[in-house]
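Participant: PDB, N, CA and C atoms, file protein_37.pdb:
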ATOM      1  N   MET A 267       7.354  32.290  29.847
ATOM      2  CA  MET A 267       6.160  31.519  30.146
ATOM      3  C   MET A 267       5.085  31.757  29.084
ATOM      4  N   LYS A 268       4.974  32.997  28.598
ATOM      5  CA  LYS A 268       3.979  33.291  27.567
ATOM      6  C   LYS A 268       4.268  32.495  26.295
ATOM      7  N   HIS A 269       5.558  32.301  26.004
ATOM      8  CA  HIS A 269       5.933  31.548  24.808
ATOM      9  C   HIS A 269       5.529  30.081  24.937
ATOM     10  N   VAL A 270       5.680  29.529  26.127
ATOM     11  CA  VAL A 270       5.318  28.134  26.353
ATOM     12  C   VAL A 270       3.816  27.950  26.166
ATOM     13  N   ILE A 271       3.026  28.872  26.708
ATOM     14  CA  ILE A 271       1.570  28.796  26.570
ATOM     15  C   ILE A 271       1.185  28.931  25.100
ATOM     16  N   ALA A 272       1.820  29.845  24.381
ATOM     17  CA  ALA A 272       1.527  30.035  22.963
ATOM     18  C   ALA A 272       1.845  28.778  22.159
ATOM     19  N   ILE A 273       2.930  28.109  22.497
ATOM     20  CA  ILE A 273       3.302  26.871  21.801
ATOM     21  C   ILE A 273       2.260  25.791  22.061
ATOM     22  N   PHE A 274       1.816  25.647  23.336
ATOM     23  CA  PHE A 274       0.802  24.645  23.644
ATOM     24  C   PHE A 274      -0.516  24.945  22.939
ATOM     25  N   VAL A 275      -0.900  26.197  22.857
ATOM     26  CA  VAL A 275      -2.136  26.574  22.159
ATOM     27  C   VAL A 275      -2.003  26.235  20.670
ATOM     28  N   ALA A 276      -0.847  26.564  20.078
ATOM     29  CA  ALA A 276      -0.621  26.264  18.663
ATOM     30  C   ALA A 276      -0.676  24.759  18.413
ATOM     31  N   LEU A 277      -0.070  23.967  19.286
ATOM     32  CA  LEU A 277      -0.108  22.510  19.140
ATOM     33  C   LEU A 277      -1.531  21.976  19.278
ATOM     34  N   ALA A 278      -2.312  22.553  20.172
ATOM     35  CA  ALA A 278      -3.700  22.118  20.350
ATOM     36  C   ALA A 278      -4.514  22.399  19.094
ATOM     37  N   VAL A 279      -4.303  23.562  18.481
ATOM     38  CA  VAL A 279      -5.022  23.915  17.251
ATOM     39  C   VAL A 279      -4.635  22.959  16.122
ATOM     40  N   VAL A 280      -3.336  22.700  15.970
ATOM     41  CA  VAL A 280      -2.868  21.793  14.927
ATOM     42  C   VAL A 280      -3.443  20.398  15.156
ATOM     43  N   SER A 281      -3.484  19.932  16.395
ATOM     44  CA  SER A 281      -4.036  18.617  16.703
ATOM     45  C   SER A 281      -5.508  18.529  16.310
ATOM     46  N   CYS A 282      -6.257  19.577  16.545
ATOM     47  CA  CYS A 282      -7.675  19.587  16.179
ATOM     48  C   CYS A 282      -7.848  19.528  14.667
ATOM     49  N   VAL A 283      -7.014  20.241  13.939
ATOM     50  CA  VAL A 283      -7.107  20.235  12.480
ATOM     51  C   VAL A 283      -6.759  18.855  11.936
ATOM     52  N   ILE A 284      -5.705  18.238  12.450
ATOM     53  CA  ILE A 284      -5.289  16.926  11.990
ATOM     54  C   ILE A 284      -6.333  15.870  12.352
ATOM     55  N   ALA A 285      -6.969  15.992  13.495
ATOM     56  CA  ALA A 285      -7.911  14.988  13.975
ATOM     57  C   ALA A 285      -9.319  15.172  13.432
ATOM     58  N   ARG A 286      -9.528  16.116  12.527
ATOM     59  CA  ARG A 286     -10.879  16.326  12.005
ATOM     60  C   ARG A 286     -11.350  15.065  11.282
ATOM     61  N   PRO A 287     -12.651  14.843  11.253
ATOM     62  CA  PRO A 287     -13.172  13.624  10.628
ATOM     63  C   PRO A 287     -12.842  13.586   9.128
ATOM     64  N   GLN A 288     -12.489  12.396   8.662
ATOM     65  CA  GLN A 288     -12.193  12.192   7.252
ATOM     66  C   GLN A 288     -13.469  11.752   6.537
ATOM     67  N   GLU A 289     -13.505  11.961   5.211
ATOM     68  CA  GLU A 289     -14.628  11.465   4.434
ATOM     69  C   GLU A 289     -14.625   9.941   4.472
ATOM     70  N   GLU A 290     -15.801   9.359   4.421
ATOM     71  CA  GLU A 290     -15.892   7.911   4.411
ATOM     72  C   GLU A 290     -15.355   7.387   3.084
ATOM     73  N   VAL A 291     -14.456   6.436   3.153
ATOM     74  CA  VAL A 291     -13.836   5.872   1.956
ATOM     75  C   VAL A 291     -14.684   4.714   1.450
ATOM     76  N   GLN A 292     -14.950   4.718   0.150
ATOM     77  CA  GLN A 292     -15.752   3.676  -0.484
ATOM     78  C   GLN A 292     -14.869   2.790  -1.346
ATOM     79  N   LEU A 293     -15.249   1.543  -1.476
ATOM     80  CA  LEU A 293     -14.576   0.617  -2.369
ATOM     81  C   LEU A 293     -15.149   0.838  -3.766
ATOM     82  N   VAL A 294     -14.290   1.224  -4.725
ATOM     83  CA  VAL A 294     -14.730   1.539  -6.082
ATOM     84  C   VAL A 294     -14.663   0.300  -6.977
ATOM     85  N   GLN A 295     -13.607  -0.495  -6.809
ATOM     86  CA  GLN A 295     -13.401  -1.669  -7.663
ATOM     87  C   GLN A 295     -12.715  -2.747  -6.843
ATOM     88  N   PHE A 296     -13.109  -4.022  -7.074
ATOM     89  CA  PHE A 296     -12.485  -5.129  -6.364
ATOM     90  C   PHE A 296     -12.565  -6.389  -7.217
ATOM     91  N   THR A 297     -11.449  -7.089  -7.365
ATOM     92  CA  THR A 297     -11.422  -8.404  -8.001
ATOM     93  C   THR A 297     -10.558  -9.319  -7.154
ATOM     94  N   ASN A 298     -10.901 -10.611  -7.156
ATOM     95  CA  ASN A 298     -10.149 -11.580  -6.368
ATOM     96  C   ASN A 298     -10.314 -12.949  -7.006
ATOM     97  N   ASP A 299      -9.215 -13.531  -7.457
ATOM     98  CA  ASP A 299      -9.239 -14.851  -8.070
ATOM     99  C   ASP A 299      -8.232 -15.754  -7.369
ATOM    100  N   ASN A 300      -8.697 -16.902  -6.899
ATOM    101  CA  ASN A 300      -7.841 -17.915  -6.279
ATOM    102  C   ASN A 300      -7.969 -19.186  -7.104
ATOM    103  N   ASN A 301      -6.838 -19.728  -7.539
ATOM    104  CA  ASN A 301      -6.831 -20.888  -8.412
ATOM    105  C   ASN A 301      -6.433 -22.157  -7.660
ATOM    106  N   VAL A 302      -6.805 -23.311  -8.203
ATOM    107  CA  VAL A 302      -6.543 -24.589  -7.541
ATOM    108  C   VAL A 302      -5.051 -24.899  -7.435
ATOM    109  N   ASP A 303      -4.229 -24.299  -8.293
ATOM    110  CA  ASP A 303      -2.784 -24.545  -8.233
ATOM    111  C   ASP A 303      -2.082 -23.676  -7.191
ATOM    112  N   GLY A 304      -2.866 -22.868  -6.449
ATOM    113  CA  GLY A 304      -2.292 -22.016  -5.415
ATOM    114  C   GLY A 304      -1.982 -20.609  -5.883
ATOM    115  N   SER A 305      -2.083 -20.367  -7.184
ATOM    116  CA  SER A 305      -1.843 -19.011  -7.679
ATOM    117  C   SER A 305      -3.063 -18.145  -7.382
ATOM    118  N   TYR A 306      -2.856 -16.851  -7.386
ATOM    119  CA  TYR A 306      -3.947 -15.931  -7.086
ATOM    120  C   TYR A 306      -3.652 -14.569  -7.708
ATOM    121  N   GLN A 307      -4.685 -13.759  -7.768
ATOM    122  CA  GLN A 307      -4.526 -12.354  -8.114
ATOM    123  C   GLN A 307      -5.701 -11.586  -7.526
ATOM    124  N   PHE A 308      -5.408 -10.367  -7.105
ATOM    125  CA  PHE A 308      -6.474  -9.504  -6.618
ATOM    126  C   PHE A 308      -6.114  -8.056  -6.912
ATOM    127  N   ALA A 309      -7.135  -7.222  -6.903
ATOM    128  CA  ALA A 309      -6.938  -5.789  -7.116
ATOM    129  C   ALA A 309      -8.105  -5.049  -6.473
ATOM    130  N   TYR A 310      -7.817  -3.855  -5.983
ATOM    131  CA  TYR A 310      -8.900  -2.995  -5.511
ATOM    132  C   TYR A 310      -8.511  -1.541  -5.689
ATOM    133  N   GLU A 311      -9.529  -0.706  -5.714
ATOM    134  CA  GLU A 311      -9.343   0.744  -5.755
ATOM    135  C   GLU A 311     -10.375   1.367  -4.838
ATOM    136  N   GLN A 312      -9.947   2.372  -4.081
ATOM    137  CA  GLN A 312     -10.832   3.059  -3.140
ATOM    138  C   GLN A 312     -11.127   4.470  -3.644
ATOM    139  N   SER A 313     -12.177   5.059  -3.121
ATOM    140  CA  SER A 313     -12.599   6.393  -3.549
ATOM    141  C   SER A 313     -11.595   7.479  -3.177
ATOM    142  N   ASP A 314     -10.691   7.198  -2.240
ATOM    143  CA  ASP A 314      -9.661   8.180  -1.885
ATOM    144  C   ASP A 314      -8.425   8.074  -2.766
ATOM    145  N   GLY A 315      -8.484   7.206  -3.801
ATOM    146  CA  GLY A 315      -7.375   7.085  -4.736
ATOM    147  C   GLY A 315      -6.392   5.977  -4.422
ATOM    148  N   GLN A 316      -6.504   5.360  -3.273
ATOM    149  CA  GLN A 316      -5.602   4.251  -2.965
ATOM    150  C   GLN A 316      -5.925   3.074  -3.880
ATOM    151  N   LYS A 317      -4.864   2.417  -4.355
ATOM    152  CA  LYS A 317      -5.011   1.267  -5.242
ATOM    153  C   LYS A 317      -4.027   0.189  -4.821
ATOM    154  N   ARG A 318      -4.407  -1.047  -5.087
ATOM    155  CA  ARG A 318      -3.466  -2.148  -4.860
ATOM    156  C   ARG A 318      -3.808  -3.281  -5.805
ATOM    157  N   GLU A 319      -2.784  -3.901  -6.353
ATOM    158  CA  GLU A 319      -2.969  -5.118  -7.139
ATOM    159  C   GLU A 319      -1.804  -6.047  -6.862
ATOM    160  N   GLU A 320      -2.094  -7.349  -6.911
ATOM    161  CA  GLU A 320      -1.065  -8.331  -6.590
ATOM    162  C   GLU A 320      -1.394  -9.646  -7.269
ATOM    163  N   GLN A 321      -0.341 -10.347  -7.671
ATOM    164  CA  GLN A 321      -0.505 -11.701  -8.193
ATOM    165  C   GLN A 321       0.602 -12.573  -7.630
ATOM    166  N   GLY A 322       0.262 -13.809  -7.353
ATOM    167  CA  GLY A 322       1.235 -14.730  -6.787
ATOM    168  C   GLY A 322       1.116 -16.098  -7.407
ATOM    169  N   GLU A 323       2.233 -16.790  -7.480
ATOM    170  CA  GLU A 323       2.245 -18.144  -8.014
ATOM    171  C   GLU A 323       3.410 -18.912  -7.404
ATOM    172  N   PHE A 324       3.265 -20.218  -7.363
ATOM    173  CA  PHE A 324       4.345 -21.064  -6.881
ATOM    174  C   PHE A 324       5.279 -21.381  -8.037
ATOM    175  N   LYS A 325       6.588 -21.230  -7.786
ATOM    176  CA  LYS A 325       7.600 -21.506  -8.802
ATOM    177  C   LYS A 325       8.640 -22.461  -8.221
ATOM    178  N   GLN A 326       9.142 -23.323  -9.075
ATOM    179  CA  GLN A 326      10.216 -24.217  -8.662
ATOM    180  C   GLN A 326      11.510 -23.405  -8.592
ATOM    181  N   VAL A 327      12.224 -23.545  -7.482
ATOM    182  CA  VAL A 327      13.474 -22.823  -7.266
ATOM    183  C   VAL A 327      14.612 -23.836  -7.289
ATOM    184  N   GLU A 328      15.655 -23.499  -8.021
ATOM    185  CA  GLU A 328      16.802 -24.393  -8.132
ATOM    186  C   GLU A 328      17.379 -24.695  -6.746
ATOM    187  N   GLY A 329      17.542 -25.966  -6.463
ATOM    188  CA  GLY A 329      18.124 -26.386  -5.191
ATOM    189  C   GLY A 329      17.107 -26.563  -4.072
ATOM    190  N   ALA A 330      15.840 -26.217  -4.305
ATOM    191  CA  ALA A 330      14.818 -26.360  -3.265
ATOM    192  C   ALA A 330      13.941 -27.570  -3.560
ATOM    193  N   GLU A 331      13.538 -28.246  -2.515
ATOM    194  CA  GLU A 331      12.671 -29.415  -2.688
ATOM    195  C   GLU A 331      11.235 -29.009  -2.994
ATOM    196  N   GLU A 332      10.800 -27.935  -2.386
ATOM    197  CA  GLU A 332       9.421 -27.480  -2.539
ATOM    198  C   GLU A 332       9.374 -26.202  -3.372
ATOM    199  N   PRO A 333       8.267 -25.965  -4.081
ATOM    200  CA  PRO A 333       8.142 -24.712  -4.821
ATOM    201  C   PRO A 333       8.084 -23.520  -3.863
ATOM    202  N   SER A 334       8.439 -22.364  -4.377
ATOM    203  CA  SER A 334       8.465 -21.129  -3.591
ATOM    204  C   SER A 334       7.405 -20.168  -4.123
ATOM    205  N   LEU A 335       6.780 -19.438  -3.228
ATOM    206  CA  LEU A 335       5.776 -18.452  -3.639
ATOM    207  C   LEU A 335       6.478 -17.217  -4.183
ATOM    208  N   SER A 336       6.085 -16.797  -5.371
ATOM    209  CA  SER A 336       6.611 -15.592  -6.002
ATOM    210  C   SER A 336       5.456 -14.602  -6.160
ATOM    211  N   VAL A 337       5.640 -13.394  -5.650
ATOM    212  CA  VAL A 337       4.577 -12.392  -5.638
ATOM    213  C   VAL A 337       5.055 -11.129  -6.335
ATOM    214  N   LYS A 338       4.186 -10.555  -7.183
ATOM    215  CA  LYS A 338       4.438  -9.258  -7.815
ATOM    216  C   LYS A 338       3.218  -8.395  -7.560
ATOM    217  N   GLY A 339       3.446  -7.117  -7.365
ATOM    218  CA  GLY A 339       2.307  -6.250  -7.156
ATOM    219  C   GLY A 339       2.690  -4.796  -7.101
ATOM    220  N   SER A 340       1.681  -3.981  -6.826
ATOM    221  CA  SER A 340       1.896  -2.539  -6.689
ATOM    222  C   SER A 340       0.779  -1.957  -5.841
ATOM    223  N   TYR A 341       1.078  -0.804  -5.271
ATOM    224  CA  TYR A 341       0.043  -0.041  -4.592
ATOM    225  C   TYR A 341       0.342   1.441  -4.736
ATOM    226  N   GLU A 342      -0.706   2.255  -4.669
ATOM    227  CA  GLU A 342      -0.589   3.708  -4.767
ATOM    228  C   GLU A 342      -1.282   4.332  -3.566
ATOM    229  N   TYR A 343      -0.694   5.424  -3.110
ATOM    230  CA  TYR A 343      -1.288   6.133  -1.979
ATOM    231  C   TYR A 343      -0.862   7.591  -2.013
ATOM    232  N   THR A 344      -1.534   8.404  -1.205
ATOM    233  CA  THR A 344      -1.219   9.812  -1.046
ATOM    234  C   THR A 344      -0.724  10.027   0.369
ATOM    235  N   ASP A 345       0.439  10.687   0.520
ATOM    236  CA  ASP A 345       0.957  10.946   1.863
ATOM    237  C   ASP A 345       0.241  12.158   2.469
ATOM    238  N   PRO A 346       0.465  12.464   3.737
ATOM    239  CA  PRO A 346      -0.238  13.568   4.398
ATOM    240  C   PRO A 346      -0.019  14.943   3.757
ATOM    241  N   THR A 347       1.052  15.093   2.973
ATOM    242  CA  THR A 347       1.290  16.392   2.310
ATOM    243  C   THR A 347       0.597  16.477   0.961
ATOM    244  N   GLY A 348      -0.046  15.383   0.518
ATOM    245  CA  GLY A 348      -0.733  15.380  -0.766
ATOM    246  C   GLY A 348       0.076  14.774  -1.903
ATOM    247  N   GLN A 349       1.302  14.350  -1.642
ATOM    248  CA  GLN A 349       2.144  13.740  -2.670
ATOM    249  C   GLN A 349       1.697  12.301  -2.927
ATOM    250  N   ARG A 350       1.497  11.956  -4.208
ATOM    251  CA  ARG A 350       1.115  10.593  -4.590
ATOM    252  C   ARG A 350       2.353   9.745  -4.833
ATOM    253  N   TYR A 351       2.270   8.481  -4.458
ATOM    254  CA  TYR A 351       3.360   7.525  -4.648
ATOM    255  C   TYR A 351       2.813   6.228  -5.224
ATOM    256  N   ARG A 352       3.670   5.548  -5.956
ATOM    257  CA  ARG A 352       3.383   4.187  -6.433
ATOM    258  C   ARG A 352       4.552   3.312  -6.013
ATOM    259  N   VAL A 353       4.238   2.178  -5.411
ATOM    260  CA  VAL A 353       5.249   1.213  -5.005
ATOM    261  C   VAL A 353       5.007  -0.058  -5.811
ATOM    262  N   ASP A 354       5.990  -0.436  -6.614
ATOM    263  CA  ASP A 354       5.972  -1.713  -7.326
ATOM    264  C   ASP A 354       6.900  -2.650  -6.561
ATOM    265  N   TYR A 355       6.508  -3.903  -6.420
ATOM    266  CA  TYR A 355       7.335  -4.810  -5.636
ATOM    267  C   TYR A 355       7.314  -6.223  -6.192
ATOM    268  N   VAL A 356       8.368  -6.932  -5.848
ATOM    269  CA  VAL A 356       8.489  -8.365  -6.103
ATOM    270  C   VAL A 356       8.931  -8.971  -4.778
ATOM    271  N   ALA A 357       8.311 -10.087  -4.423
ATOM    272  CA  ALA A 357       8.703 -10.815  -3.216
ATOM    273  C   ALA A 357       8.812 -12.284  -3.601
ATOM    274  N   ASP A 358      10.013 -12.822  -3.464
ATOM    275  CA  ASP A 358      10.242 -14.216  -3.825
ATOM    276  C   ASP A 358      11.404 -14.772  -3.007
ATOM    277  N   GLU A 359      12.040 -15.811  -3.499
ATOM    278  CA  GLU A 359      13.142 -16.421  -2.754
ATOM    279  C   GLU A 359      14.313 -15.469  -2.552
ATOM    280  N   LYS A 360      14.348 -14.366  -3.296
ATOM    281  CA  LYS A 360      15.421 -13.369  -3.163
ATOM    282  C   LYS A 360      15.054 -12.255  -2.180
ATOM    283  N   GLY A 361      13.849 -12.314  -1.615
ATOM    284  CA  GLY A 361      13.420 -11.303  -0.654
ATOM    285  C   GLY A 361      12.410 -10.336  -1.240
ATOM    286  N   TYR A 362      12.133  -9.285  -0.476
ATOM    287  CA  TYR A 362      11.180  -8.238  -0.874
ATOM    288  C   TYR A 362      11.955  -7.111  -1.526
ATOM    289  N   ARG A 363      11.578  -6.749  -2.776
ATOM    290  CA  ARG A 363      12.298  -5.722  -3.515
ATOM    291  C   ARG A 363      11.313  -4.676  -4.044
ATOM    292  N   PRO A 364      11.141  -3.584  -3.306
ATOM    293  CA  PRO A 364      10.234  -2.531  -3.752
ATOM    294  C   PRO A 364      10.943  -1.463  -4.583
ATOM    295  N   THR A 365      10.169  -0.805  -5.441
ATOM    296  CA  THR A 365      10.626   0.357  -6.194
ATOM    297  C   THR A 365       9.561   1.437  -5.998
ATOM    298  N   VAL A 366       9.954   2.590  -5.487
ATOM    299  CA  VAL A 366       9.013   3.670  -5.175
ATOM    300  C   VAL A 366       9.145   4.760  -6.233
ATOM    301  N   THR A 367       7.997   5.231  -6.725
ATOM    302  CA  THR A 367       7.951   6.291  -7.729
ATOM    303  C   THR A 367       7.013   7.392  -7.265
ATOM    304  N   LYS A 368       7.482   8.649  -7.314
ATOM    305  CA  LYS A 368       6.595   9.784  -7.066
ATOM    306  C   LYS A 368       5.737   9.994  -8.301
ATOM    307  N   LEU A 369       4.447  10.199  -8.106
ATOM    308  CA  LEU A 369       3.544  10.423  -9.230
ATOM    309  C   LEU A 369       3.249  11.899  -9.413
TER     310      LEU A 369
END
Would you mind writing the file out in C-alpha cells?
Facilitator:
Amino acid sequence: MKHVIAIFVALAVVSCVIARPQEEVQLVQFTNDNNVDGSYQFAYEQSDGQKREEQGEFKQVEGAEEPSLSVKGSYEYTDPTGQRYRVDYVADEKGYRPTVTKL
C-alpha cells in the first residue's frame, strides 16, 4: 500500500511540473501572399522556435479535367524532450509525402 501511495504522489508531482505555465509565444515573422491564379505562399516564425512555410499552386495533371493543387512546405518544432525536428513535405495528386529530419 505504501508503494501505491508513493506512486500516486510521484505522478502528482510530475503532473504539476508538466502543467506549469509556459512562456507566452510571440509571432516573430509572418508573410502571406495570395495570387489571382489561386497560387499562394506563407511563412511564419514564433519566438519559441517553431517555423512553417508553404507554397501552393494549381497544376495540370495528365488525365484530369481540372487542375490539381500542388503544395510544398516545411515546418520545424521542438518535442517535449527538447529535440528539434524539421518536416519537409509535398502534397499533390500523389498524396502527402513528408520527410522528417532531426536537427
Participant: Excluding A:Gln312 and any residue of its chain fewer than 3 positions from it, enumerate the residues within 7 Å of it, using all atoms listed in the file, and give them as a ChimeraX atom specification.
Facilitator: /A:291-295,315-318
Participant: Could you expand the PyMOL selection byres ((chain A and resi 321-324) around 8) into the explicit residues it covers here, written as a ChimeraX atom specification?
Facilitator: /A:303-309,319-320,325-327,332-340
Participant: What separation in Å, quoted to one decimal, exists between atom N of A:Glu342 and atom C of A:Asn301?
Facilitator: 25.3 Å
Participant: As an exercise, work out the distance from atom C of A:Asp314 to atom N of A:Asp345 in Å and give it to one decimal place.
Facilitator: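 Pair atom C of A:Asp314 / atom N of A:Asp345 returns 9.8 Å.
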Participant: For the PyMOL selection byres ((chain A and resi 364) around 7), applied here, can you spell out every residue it catches as a count of residues only?
Facilitator: 8
Participant: Write out as a PyMOL selection string all residues of stretch 314-358 of chain A that DSSP puts in strand (DSSP E or B) for this structure's backbone.
Facilitator: chain A and resi 317-325+334-344+350-358
Participant: Please compute the atom C of A:Tyr343-atom N of A:Asn300 distance, one decimal, in Å.
Facilitator: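 About the pair atom C of A:Tyr343 and atom N of A:Asn300: they are 26.2 Å apart.
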Participant: Please report, as JSON, the centre and edge lengths in Å to one decimal of an axis-aligned box covering all listed atoms of stretch 300-304 of chain A with 5 Å per side.
Facilitator:
{"center_x": -5.3, "center_y": -20.9, "center_z": -6.9, "size_x": 16.7, "size_y": 18.0, "size_z": 13.0}
Participant: I'd like to know which of A:Tyr310, A:Lys368, A:Glu290, A:Asp299 is closest to A:Gln349, using only N, CA and C atoms.
Facilitator: A:Lys368
Participant: May I ask you to restore N, CA, C and O atoms in stretch 318-329 of chain A and write the result as a short mmCIF file (atom, residue, chain, number, x, y, z; two decimals), in the frame of the given file?
Facilitator:
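What follows is the written file selection.cif:
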data_model
loop_
_atom_site.label_atom_id
_atom_site.label_comp_id
_atom_site.auth_asym_id
_atom_site.auth_seq_id
_atom_site.Cartn_x
_atom_site.Cartn_y
_atom_site.Cartn_z
N ARG A 318 -4.41 -1.05 -5.09
CA ARG A 318 -3.47 -2.15 -4.86
C ARG A 318 -3.81 -3.28 -5.80
O ARG A 318 -4.98 -3.57 -6.04
N GLU A 319 -2.78 -3.90 -6.35
CA GLU A 319 -2.97 -5.12 -7.14
C GLU A 319 -1.80 -6.05 -6.86
O GLU A 319 -0.69 -5.60 -6.59
N GLU A 320 -2.09 -7.35 -6.91
CA GLU A 320 -1.06 -8.33 -6.59
C GLU A 320 -1.39 -9.65 -7.27
O GLU A 320 -2.56 -10.00 -7.44
N GLN A 321 -0.34 -10.35 -7.67
CA GLN A 321 -0.50 -11.70 -8.19
C GLN A 321 0.60 -12.57 -7.63
O GLN A 321 1.72 -12.11 -7.42
N GLY A 322 0.26 -13.81 -7.35
CA GLY A 322 1.24 -14.73 -6.79
C GLY A 322 1.12 -16.10 -7.41
O GLY A 322 0.03 -16.51 -7.83
N GLU A 323 2.23 -16.79 -7.48
CA GLU A 323 2.24 -18.14 -8.01
C GLU A 323 3.41 -18.91 -7.40
O GLU A 323 4.40 -18.32 -6.97
N PHE A 324 3.26 -20.22 -7.36
CA PHE A 324 4.34 -21.06 -6.88
C PHE A 324 5.28 -21.38 -8.04
O PHE A 324 4.83 -21.73 -9.13
N LYS A 325 6.59 -21.23 -7.79
CA LYS A 325 7.60 -21.51 -8.80
C LYS A 325 8.64 -22.46 -8.22
O LYS A 325 8.98 -22.37 -7.04
N GLN A 326 9.14 -23.32 -9.07
CA GLN A 326 10.22 -24.22 -8.66
C GLN A 326 11.51 -23.40 -8.59
O GLN A 326 11.84 -22.66 -9.50
N VAL A 327 12.22 -23.54 -7.48
CA VAL A 327 13.47 -22.82 -7.27
C VAL A 327 14.61 -23.84 -7.29
O VAL A 327 14.52 -24.89 -6.64
N GLU A 328 15.66 -23.50 -8.02
CA GLU A 328 16.80 -24.39 -8.13
C GLU A 328 17.38 -24.70 -6.75
O GLU A 328 17.64 -23.80 -5.95
N GLY A 329 17.54 -25.97 -6.46
CA GLY A 329 18.12 -26.39 -5.19
C GLY A 329 17.11 -26.56 -4.07
O GLY A 329 17.46 -27.01 -2.99
#
